[in-house]
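Novice: Pasting in a structure now, in structure tokens, and then I'll have a few things to ask.
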Amino acid sequence: MRPHSRNLNRLFLGKRIAIAALILSANAIAAEGQTATPAEPARQSLLAPEPLPSFGDVAVSPILTVFNAPHPAAVEAFDPAAQIRLRPADGEAGPTPALALTSTASGAPAASSTVAETPSPPPVPGRSEGAPPDPVPTAIAAALVRLIAHDGLNPLGDGDWRGARAAIGAFYADRRFAPVWVDESGLTIAGRAVLTQLERAKDDGLNLSAFALPRHFEGRLSPIDLAEAETTIAEAVVAYAEQASGSRITPTRVSRLVTAQPSVVDPGVALAETVSAPDPAQRLADFNPPQRGYRALREELRRLTDVRSGHGQKQPAVDALDDPPLVDNDAEAPHSLLKTARGRLKGLVRNAAYAASVEVAESRRRAAILANMEMWRWEPRDMGERRIEVNVPDFTVAMLDGDSIVHSARVVVGKPDTPTPIFSNVMRYVLINPSWEVPDSIIRKEMLPRLASDPRYLARRGYEVKTVGGRLVVRQPPGEDNALGRIAFMFPNEHAVYLHDTPSQSLFDSDMRALSHGCVRVEDPLRLAELVLGWPEERINAAIGGPERTVFLPRPVPIHIEYFTEFVDEYGELQERPDVYGLAQKVANILSSVRQD
């Protein structure tokens with residue numbers, strides 16, 4: 001069997017098992033509501049004890065047939081008294097019989113048994129028709145079966161909507177299908193709170209258009225309507241929480257060098273924590289990034305939305321750009337009117353062009369803000385109180401304590417064809433007077449072509465060259481001309497990048513500083529070394545020169561290499577930076593292509 005076919009079979013089997021589990025749980029609930037009565041004569045069994053039926057096609061499953069039938073019919077169809085003979089209770093007269101299953105097929109007498117002469121056991125209590133089960137849990141279970149069985153558009157983007165639907169079913173099964181958000185009278189207190197936050201989803205750039213959220217209820221709800229409203233809100237809560245925590249875009253989909261890992265919340269956890277929270281609306285909102293940078297962009301999005309809807313600061317009125325009437329007092333009246341009409345037409349054309357350009361600019365800015373808000377979802381929720389952040393499009397590094405900037409400096413980052421990767425890690429040690437082992441890519445692309453024309457190129461520049469296992473190894477010893485400068489900040493990672501000094505200090509004077517092979521070159525690295533090592537300036541200077549030295553940080557420092565083209569600076573001003581690697585545009589394109597309605 002092909003792997004694709006095996007995967008499909010596993011998917012279908014998993015879905016059938018989930019549906020069957022929900023149905024069996026619902027039937028167990030229904031059974032608890034019954035009152036015992038004397039057994040009735042044996043009836044035709046809908047499900048023969050052996051062989052066990054397979055799930056088969058979900059649409060015609062015998063389990064579904066029993067579940068979907070009206071309750072009295074389902075009870076009549078399966079009578080335990082007609083199927084099972086039990087041994088008498090302890091202390092009753094007569095030998096102990098073995099458990100015997102008897103066939104009740106039409107027209108077939110029961111098979112003779114070795115214990116046929118023993119006294120008949122007491123009758124097994126049957127089920128009463130007078131106390132029907134609670135219809136609400138039954139309706140919710142049925143709605144969940146439909147939810148799990150239905151494959152539609154995925155509101156989670158790259159997230160696992162099938163798994164999320166199964167988690168919703170498991171959540172309600174654990175609650176014995178009791179409702180949370182809705183009761184017979186309408187929304188519960190938790191339901192009203194959650195619905196208020198769900199209706200604010202657009203404020204965080206989230207998209208819940210796939211869900212027809214219930215807003216108005218008239219009179220008492222039927223079990224079916226209650227179940228539909230309940231499961232719809234549950235779906236929306238899960239979609240909100242997962243989108244807010246970063247499910248829509250897998251970072252490596254944008255670029256293989258974006259290896260940041262969003263902490264997407266488990267759907268079952270999202271439901272459980274929202275339900276149990278003192279303020280369900282706030283708990284739901286807290287699935288969005290907590291960082292100040294995200295909150296500031298959210299506020300900018302709100303302002304932009306208010307301006308577009310006419311509730312915020314107004315743009316200059318377009319009518320003010322109309323040309324004044326072009327009246328020539330010395331001309332004939334018809335000529336004057338003609339000039340006035342032409343001037344008015346030019347003004348209207350210019351106004352239309354201006355309005356269109358403003359609309360385009362606002363749409364572009366809105367898309368850029370949404371893309372950057374989405375990239376904030378890739379960051380760890382706890383970035384560390386004391387941390388280092390490198391913003392690639394801004395060409396800066398900052399040492400922060402909470403939200404306060406302790407130190408900031410310019411940096412040089414990777415060129416567009418050798419970009420700096422985007423990820424988080426922990427800085428653990430520094431190299432003072434580092435040597436540099438040249439990466440294979442630089443040897444292959446830059447050094448070997450020069451060696452072909454100048455065999456002494458590497459020796460003349462002080463590089464040490466040797467062959468290890470057939471591989472050419474090039475090393476630059478410590479010194480003033482070393483490419484890593486006087487110090488390097490190390491955080492071992494899969495990309496083999498780090499922060500370091502550079503002898504090419506003039507590069508920091510450029511506005512566009514995407515110039516390296518991928519590592520981050522830091523201006524004023526000794527000040528950064530003072531902060532991460534806790535050393536005074538004199539000790540740092542005394543260590544410069546001589547052989548390479550490794551110094552471990554007394555306290556490892558989280559480091560985050562980020563990519564934000566839109567951000568609010570420390571003065572509260574929205575800043576925009578060039579999309580040097582095109583990542584923000586890719587994120588914006590993916591978000592705009594996610595259709596849910």
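Convention: chains lettered A, B, ... in structure tokens order; per-chain residue numbering from 1; ligands numbered from 1 as shown.
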Would you return as a count of residues only the members of stretch 120-223 of chain A that DSSP assigns to alpha helix (DSSP H) on this structure's backbone?
Specialist: 40
Novice: Which residues, written as a list in words, have at least one atom at most 8 Å from stretch 550-556 of chain A, with only C-alpha atoms counted and residues fewer than 5 positions away on the same chain left out?
Specialist: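 Result of the neighbour search: Val426, Met427, Arg428, Tyr429, Val430, Leu431, Ile432, Val532, Leu533 and Gly534 of chain A.
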Novice: Env of A:Thr250: 9 Å cut, atoms = only C-alpha atoms, seq-sep filter 3 positions within chain, self excluded. Answer as a list in words.
Specialist: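 Contacts, with the query itself left out: Gly157, Asp158, Gly159, Gly246, Ser247, Arg253, Val254, Gln261, Pro262 and Trp378 of chain A.
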Novice: Could you list, as JSON, numbers by chain, every residue within 12 Å of A:His495, counting only C-alpha atoms and ignoring same-chain residues fewer than 6 positions away?
Specialist: {"A": [256, 257, 258, 259, 418, 419, 420, 421, 422, 423, 424, 425, 439, 517, 518, 519]}
Novice: Which is closest to A:Asp579 among A:Leu297, A:Val520, A:Val392, A:Ile233, if we use only C-alpha atoms?
Specialist: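 Result for the nearest residue to A:Asp579: A:Val392.
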Novice: Determine, counting only C-alpha atoms, which protein, DNA and RNA residues have an atom within 8 Å of an atom of stretch 482-492 of chain A; residues of the same chain fewer than 3 positions away are not included. Present the result as JSON, numbers by chain.
Specialist: {"A": [425, 426, 427, 428, 429, 430, 431, 432, 433, 434, 435, 436, 476, 477, 478, 479, 496, 497, 498, 499, 500, 501, 502, 503, 525, 526, 544, 545]}
